[in-house]
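Novice: Here you go, one structure.
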Amino acid sequence: MYIKACYLFLEHLKVSKNASEHTIRNYSIDLNGLKSFLEKNHLANEKPEKLPPKIRYDQSYQDRYTANDDILNLEDIDRRSIRGFLAFLSANRASKSTIIRKISSLRTFFKWAFCEQIIPFNPTEDIETPKAQKRIPVSLDYHQIQTLFEQPDTSNYLGFRDRTIMELFYSSGLRVSELVALDRGDIDFRNQLIKLKGKGKKERIVPITESAARWIREYLEHEERHHDMDGHHAEENPDAIFLNKLGTRLSSRSVDRKFRGYLISSGLAANVTPHTVRHTIATHWLENGMDLKTIQALLGHSSLSTTTIYTKVSPQLKKQVYDKAHPRAN
């Protein structure tokens, strides 16, 4: 049955592959997408009045799975079913990157199911993956960064937190998931270093600027952190660096939501996200002479080719390349 196999697969990712919560969530989204499509088509064994609940990434199948909910037969899913799902996505104008991600997720799931002898064949084996279009990351200039930094109201506790987050993003090029996972023990204030838990649970140590270290220290020592006041609760999680208004660890979604508000008030482009600040500092590092290998290590890229794209982002670097190719006459 499909739902039971999905829960077992998510457990496998969590326990055996040590996958992050973000990764497991994305797999559950993609598996739910196929589930929804198939339930509305001929592969459902019956047409219930109410469709089964979605697959939850944060609970085991023992907690959520019931046989009555599982109306899909995993063995009935063939190549035609998968191609139908991809055609449905395309017809509904899903982006190429979204389709590529869903193919990758389904391919991994069905390969696992085949290896576990849950299914007799892998229906994704001959499914072709569209070629991804390499998009050049959006980057901000120094004036735009300053405009963004001026948006939080640092006279209140939560605004002070948000400015601290921005300072840390720009200081060290963190991913949102890395920032929200930070604990007090991950920061070495004396040497101005932080320990990050990156993709695949890989750890790396990166420096932080003196300014960012000062903002973090003052945020951790903020008198309101330990009191219920002004619409927020006192610290509930003493280990976490960044807290929400309930006093517990801040989530990635909350950071994204706060950034959207600040971007609206700043008048910056709508496609600017917290990840844009990561792209921005990488570009600025490059413009100021830092070599690609060092930037790769700081950002936690597994491949240097991922880092190389920043040479195409910077107008300054483009001009340097142009000047070298077309030297001015003396």
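Every chain in the structure tokens has a letter given in the order shown (A, B, ...), and although residue numbers restart at 1 in each chain, ligands are simply numbered from 1 in the order shown.
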Quick one: pick out all strand (DSSP E or B) residues within region 12-245 of chain A from a backbone DSSP run and write them as a ChimeraX atom specification.
Specialist: /A:44,72,183,187-188,193-197,203-207,229,232,240,243
Novice: Keeping only N, CA and C atoms, write the selected residues to a file as a PDB file, in the first residue's frame.
Specialist:
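Final output, saved to part-v5.pdb:
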ATOM      1  N   ALA A  44      -7.096   4.522  -7.716  1.00  0.00           N
ATOM      2  CA  ALA A  44      -7.714   4.323  -6.410  1.00  0.00           C
ATOM      3  C   ALA A  44      -8.605   3.085  -6.455  1.00  0.00           C
ATOM      4  N   LEU A  72      -4.647   3.303  -2.200  1.00  0.00           N
ATOM      5  CA  LEU A  72      -3.787   3.143  -3.369  1.00  0.00           C
ATOM      6  C   LEU A  72      -2.951   1.877  -3.259  1.00  0.00           C
ATOM      7  N   ASP A 183      22.641  26.871  18.275  1.00  0.00           N
ATOM      8  CA  ASP A 183      22.548  26.833  19.734  1.00  0.00           C
ATOM      9  C   ASP A 183      23.634  27.721  20.330  1.00  0.00           C
ATOM     10  N   ILE A 187      28.526  28.983  19.244  1.00  0.00           N
ATOM     11  CA  ILE A 187      29.200  30.260  19.020  1.00  0.00           C
ATOM     12  C   ILE A 187      30.399  30.411  19.948  1.00  0.00           C
ATOM     13  N   ASP A 188      31.544  30.688  19.346  1.00  0.00           N
ATOM     14  CA  ASP A 188      32.777  30.975  20.082  1.00  0.00           C
ATOM     15  C   ASP A 188      33.027  32.476  19.958  1.00  0.00           C
ATOM     16  N   LEU A 193      33.850  32.694  15.972  1.00  0.00           N
ATOM     17  CA  LEU A 193      33.594  31.559  15.095  1.00  0.00           C
ATOM     18  C   LEU A 193      32.239  30.948  15.449  1.00  0.00           C
ATOM     19  N   ILE A 194      31.589  30.367  14.453  1.00  0.00           N
ATOM     20  CA  ILE A 194      30.361  29.632  14.716  1.00  0.00           C
ATOM     21  C   ILE A 194      30.429  28.265  14.044  1.00  0.00           C
ATOM     22  N   LYS A 195      29.837  27.285  14.698  1.00  0.00           N
ATOM     23  CA  LYS A 195      29.762  25.924  14.159  1.00  0.00           C
ATOM     24  C   LYS A 195      28.380  25.734  13.558  1.00  0.00           C
ATOM     25  N   LEU A 196      28.343  25.338  12.286  1.00  0.00           N
ATOM     26  CA  LEU A 196      27.085  25.198  11.569  1.00  0.00           C
ATOM     27  C   LEU A 196      26.796  23.747  11.228  1.00  0.00           C
ATOM     28  N   LYS A 197      25.527  23.411  11.206  1.00  0.00           N
ATOM     29  CA  LYS A 197      25.075  22.092  10.762  1.00  0.00           C
ATOM     30  C   LYS A 197      24.444  22.292   9.394  1.00  0.00           C
ATOM     31  N   GLU A 203      29.038  19.326   9.245  1.00  0.00           N
ATOM     32  CA  GLU A 203      29.381  20.461  10.094  1.00  0.00           C
ATOM     33  C   GLU A 203      30.547  21.246   9.495  1.00  0.00           C
ATOM     34  N   ARG A 204      30.513  22.554   9.665  1.00  0.00           N
ATOM     35  CA  ARG A 204      31.634  23.399   9.267  1.00  0.00           C
ATOM     36  C   ARG A 204      31.731  24.565  10.244  1.00  0.00           C
ATOM     37  N   ILE A 205      32.904  25.129  10.337  1.00  0.00           N
ATOM     38  CA  ILE A 205      33.133  26.270  11.219  1.00  0.00           C
ATOM     39  C   ILE A 205      33.465  27.480  10.365  1.00  0.00           C
ATOM     40  N   VAL A 206      32.754  28.571  10.585  1.00  0.00           N
ATOM     41  CA  VAL A 206      32.960  29.779   9.799  1.00  0.00           C
ATOM     42  C   VAL A 206      33.150  30.972  10.734  1.00  0.00           C
ATOM     43  N   PRO A 207      33.872  31.982  10.282  1.00  0.00           N
ATOM     44  CA  PRO A 207      34.057  33.185  11.099  1.00  0.00           C
ATOM     45  C   PRO A 207      32.832  34.089  11.045  1.00  0.00           C
ATOM     46  N   MET A 229       6.501  40.133  27.912  1.00  0.00           N
ATOM     47  CA  MET A 229       6.136  41.539  27.744  1.00  0.00           C
ATOM     48  C   MET A 229       6.096  41.915  26.269  1.00  0.00           C
ATOM     49  N   HIS A 232       5.399  39.153  23.514  1.00  0.00           N
ATOM     50  CA  HIS A 232       6.230  37.950  23.387  1.00  0.00           C
ATOM     51  C   HIS A 232       6.429  37.314  24.758  1.00  0.00           C
ATOM     52  N   ALA A 240      18.553  27.409  22.308  1.00  0.00           N
ATOM     53  CA  ALA A 240      18.399  28.032  20.995  1.00  0.00           C
ATOM     54  C   ALA A 240      18.837  29.489  21.016  1.00  0.00           C
ATOM     55  N   LEU A 243      14.752  32.944  18.989  1.00  0.00           N
ATOM     56  CA  LEU A 243      13.470  32.501  19.536  1.00  0.00           C
ATOM     57  C   LEU A 243      12.315  33.223  18.873  1.00  0.00           C
TER      58      LEU A 243
END
Novice: Could you state the separation of CA of Lys102 (chain A) and CA of Ala5 (chain A) in Å, given to one decimal place?
Specialist: 17.1 Å
Novice: I need the residues of region 17-210 of chain A that end up classed as alpha helix (DSSP H) by DSSP on the backbone, written out as an NGL selection string.
Specialist: :A and (21-39 or 61-64 or 79-91 or 96-115 or 142-149 or 157-172 or 176-180 or 210)
Novice: Please, could you write that set of residues out with C-alpha atoms as a tab-separated table (two decimals), in the first residue's frame?
Specialist:
chain	number	residue	atom	x	y	z
A	21	GLU	CA	13.80	17.92	8.63
A	22	HIS	CA	13.79	20.19	5.58
A	23	THR	CA	14.70	17.27	3.29
A	24	ILE	CA	12.10	14.95	4.80
A	25	ARG	CA	9.44	17.68	4.49
A	26	ASN	CA	10.22	18.13	0.80
A	27	TYR	CA	9.96	14.39	0.17
A	28	SER	CA	6.59	14.27	1.94
A	29	ILE	CA	5.33	17.18	-0.20
A	30	ASP	CA	6.34	15.37	-3.40
A	31	LEU	CA	4.91	12.02	-2.27
A	32	ASN	CA	1.67	13.76	-1.32
A	33	GLY	CA	1.56	15.35	-4.76
A	34	LEU	CA	1.61	11.94	-6.46
A	35	LYS	CA	-0.86	10.57	-3.89
A	36	SER	CA	-3.35	13.38	-4.57
A	37	PHE	CA	-3.07	12.92	-8.34
A	38	LEU	CA	-3.55	9.14	-8.20
A	39	GLU	CA	-6.45	9.27	-5.73
A	61	TYR	CA	3.66	5.59	10.10
A	62	GLN	CA	2.78	3.79	13.34
A	63	ASP	CA	1.26	7.05	14.59
A	64	ARG	CA	-0.55	8.03	11.39
A	79	ARG	CA	5.50	4.32	-15.85
A	80	ARG	CA	2.26	5.54	-17.41
A	81	SER	CA	1.07	6.71	-13.99
A	82	ILE	CA	4.28	8.64	-13.37
A	83	ARG	CA	4.24	10.20	-16.84
A	84	GLY	CA	0.60	11.18	-16.30
A	85	PHE	CA	1.53	12.91	-13.06
A	86	LEU	CA	4.38	14.81	-14.75
A	87	ALA	CA	2.07	15.81	-17.60
A	88	PHE	CA	-0.43	17.06	-15.02
A	89	LEU	CA	2.29	19.19	-13.38
A	90	SER	CA	3.35	20.61	-16.72
A	91	ALA	CA	-0.24	21.40	-17.71
A	96	LYS	CA	10.94	23.10	-14.54
A	97	SER	CA	12.88	23.13	-11.25
A	98	THR	CA	9.79	21.89	-9.39
A	99	ILE	CA	9.25	19.06	-11.87
A	100	ILE	CA	12.93	18.08	-11.67
A	101	ARG	CA	12.76	17.96	-7.87
A	102	LYS	CA	9.61	15.82	-7.89
A	103	ILE	CA	11.12	13.38	-10.39
A	104	SER	CA	14.21	13.08	-8.18
A	105	SER	CA	12.08	12.48	-5.07
A	106	LEU	CA	9.92	9.85	-6.75
A	107	ARG	CA	12.93	8.15	-8.30
A	108	THR	CA	14.57	7.85	-4.87
A	109	PHE	CA	11.36	6.57	-3.28
A	110	PHE	CA	10.62	3.91	-5.89
A	111	LYS	CA	14.24	2.79	-6.04
A	112	TRP	CA	14.11	2.25	-2.27
A	113	ALA	CA	10.79	0.39	-2.56
A	114	PHE	CA	12.23	-1.86	-5.28
A	115	CYS	CA	15.39	-2.60	-3.27
A	142	TYR	CA	25.71	47.74	-0.45
A	143	HIS	CA	23.05	50.47	-0.49
A	144	GLN	CA	20.24	47.91	-0.79
A	145	ILE	CA	21.67	45.86	2.06
A	146	GLN	CA	21.75	48.96	4.23
A	147	THR	CA	18.14	49.74	3.29
A	148	LEU	CA	17.10	46.22	4.29
A	149	PHE	CA	18.99	46.44	7.59
A	157	TYR	CA	13.03	43.01	21.37
A	158	LEU	CA	11.69	41.19	18.31
A	159	GLY	CA	12.94	43.90	15.96
A	160	PHE	CA	16.35	43.65	17.63
A	161	ARG	CA	16.27	39.90	16.96
A	162	ASP	CA	15.47	40.44	13.29
A	163	ARG	CA	18.32	42.94	12.82
A	164	THR	CA	20.65	40.44	14.52
A	165	ILE	CA	19.53	37.77	12.04
A	166	MET	CA	20.29	40.08	9.12
A	167	GLU	CA	23.72	40.90	10.51
A	168	LEU	CA	24.54	37.21	10.85
A	169	PHE	CA	23.25	36.38	7.36
A	170	TYR	CA	25.46	39.06	5.85
A	171	SER	CA	28.42	38.26	8.09
A	172	SER	CA	28.76	34.58	7.27
A	176	VAL	CA	18.08	29.83	6.86
A	177	SER	CA	18.03	26.24	8.14
A	178	GLU	CA	21.53	26.69	9.58
A	179	LEU	CA	20.59	29.93	11.30
A	180	VAL	CA	17.48	28.62	13.07
A	210	GLU	CA	32.90	41.70	15.09
Novice: For each of A:Arg56, A:Lys40, A:His227, A:Arg278, take the minimum atom-to-atom distance to Tyr7 (chain A), counting only C-alpha atoms, then give the residue where this is smallest.
Specialist: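 Checking each of A:Arg56, A:Lys40, A:His227, A:Arg278 against Tyr7 (chain A), counting only C-alpha atoms, the winner is A:Arg56.
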Novice: Please identify all polymer residues within 12 Å of Thr294 (chain A), counting only C-alpha atoms, omitting same-chain residues fewer than 4 positions from it, and present them as a PyMOL selection string.
Specialist: chain A and resi 206-207+282+285-286+289-290+298-301+304+307-308
Novice: I need the residues from that last selection saved to file as a compact mmCIF listing (two decimals), in the first residue's frame (with N, CA and C atoms), if you can.
Specialist:
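Saved as result-v3.txt:
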# COMPACT_ATOMS: atom_id res chain seq x y z
N VAL A 206 32.75 28.57 10.59
CA VAL A 206 32.96 29.78 9.80
C VAL A 206 33.15 30.97 10.73
N PRO A 207 33.87 31.98 10.28
CA PRO A 207 34.06 33.19 11.10
C PRO A 207 32.83 34.09 11.04
N ALA A 282 28.39 36.37 -0.72
CA ALA A 282 29.31 35.60 -1.55
C ALA A 282 29.85 36.45 -2.70
N TRP A 285 32.23 39.05 -1.23
CA TRP A 285 33.53 38.43 -0.92
C TRP A 285 34.38 38.32 -2.17
N LEU A 286 33.75 37.88 -3.24
CA LEU A 286 34.47 37.68 -4.50
C LEU A 286 34.99 39.02 -5.04
N GLY A 289 38.18 40.18 -3.48
CA GLY A 289 39.41 39.42 -3.68
C GLY A 289 39.49 38.05 -3.04
N MET A 290 38.43 37.59 -2.38
CA MET A 290 38.48 36.26 -1.77
C MET A 290 38.43 35.21 -2.88
N LEU A 298 33.38 28.34 3.02
CA LEU A 298 32.56 29.14 3.92
C LEU A 298 31.07 28.89 3.71
N LEU A 299 30.67 28.73 2.47
CA LEU A 299 29.26 28.52 2.16
C LEU A 299 28.82 27.07 2.32
N GLY A 300 29.79 26.15 2.38
CA GLY A 300 29.46 24.73 2.53
C GLY A 300 29.00 24.09 1.24
N HIS A 301 29.47 24.62 0.09
CA HIS A 301 29.12 24.01 -1.20
C HIS A 301 29.91 22.72 -1.40
N LEU A 304 32.58 23.00 -6.44
CA LEU A 304 33.11 24.33 -6.76
C LEU A 304 32.29 24.99 -7.86
N THR A 307 29.78 27.37 -6.60
CA THR A 307 30.35 28.65 -6.16
C THR A 307 30.71 29.53 -7.34
N THR A 308 31.13 28.92 -8.43
CA THR A 308 31.61 29.67 -9.59
C THR A 308 30.54 30.58 -10.18
Novice: Quick one: distance from CA of Asp153 (chain A) to CA of His226 (chain A) in Å, one decimal?
Specialist: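 Computing the Euclidean distance for CA of Asp153 (chain A) and CA of His226 (chain A) yields 19.5 Å.
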Novice: Work out how far apart CA of Leu263 (chain A) and CA of Leu250 (chain A) are and give it in Å to one decimal.
Specialist: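 We find that CA of Leu263 (chain A) and CA of Leu250 (chain A) lie 19.3 Å from each other.
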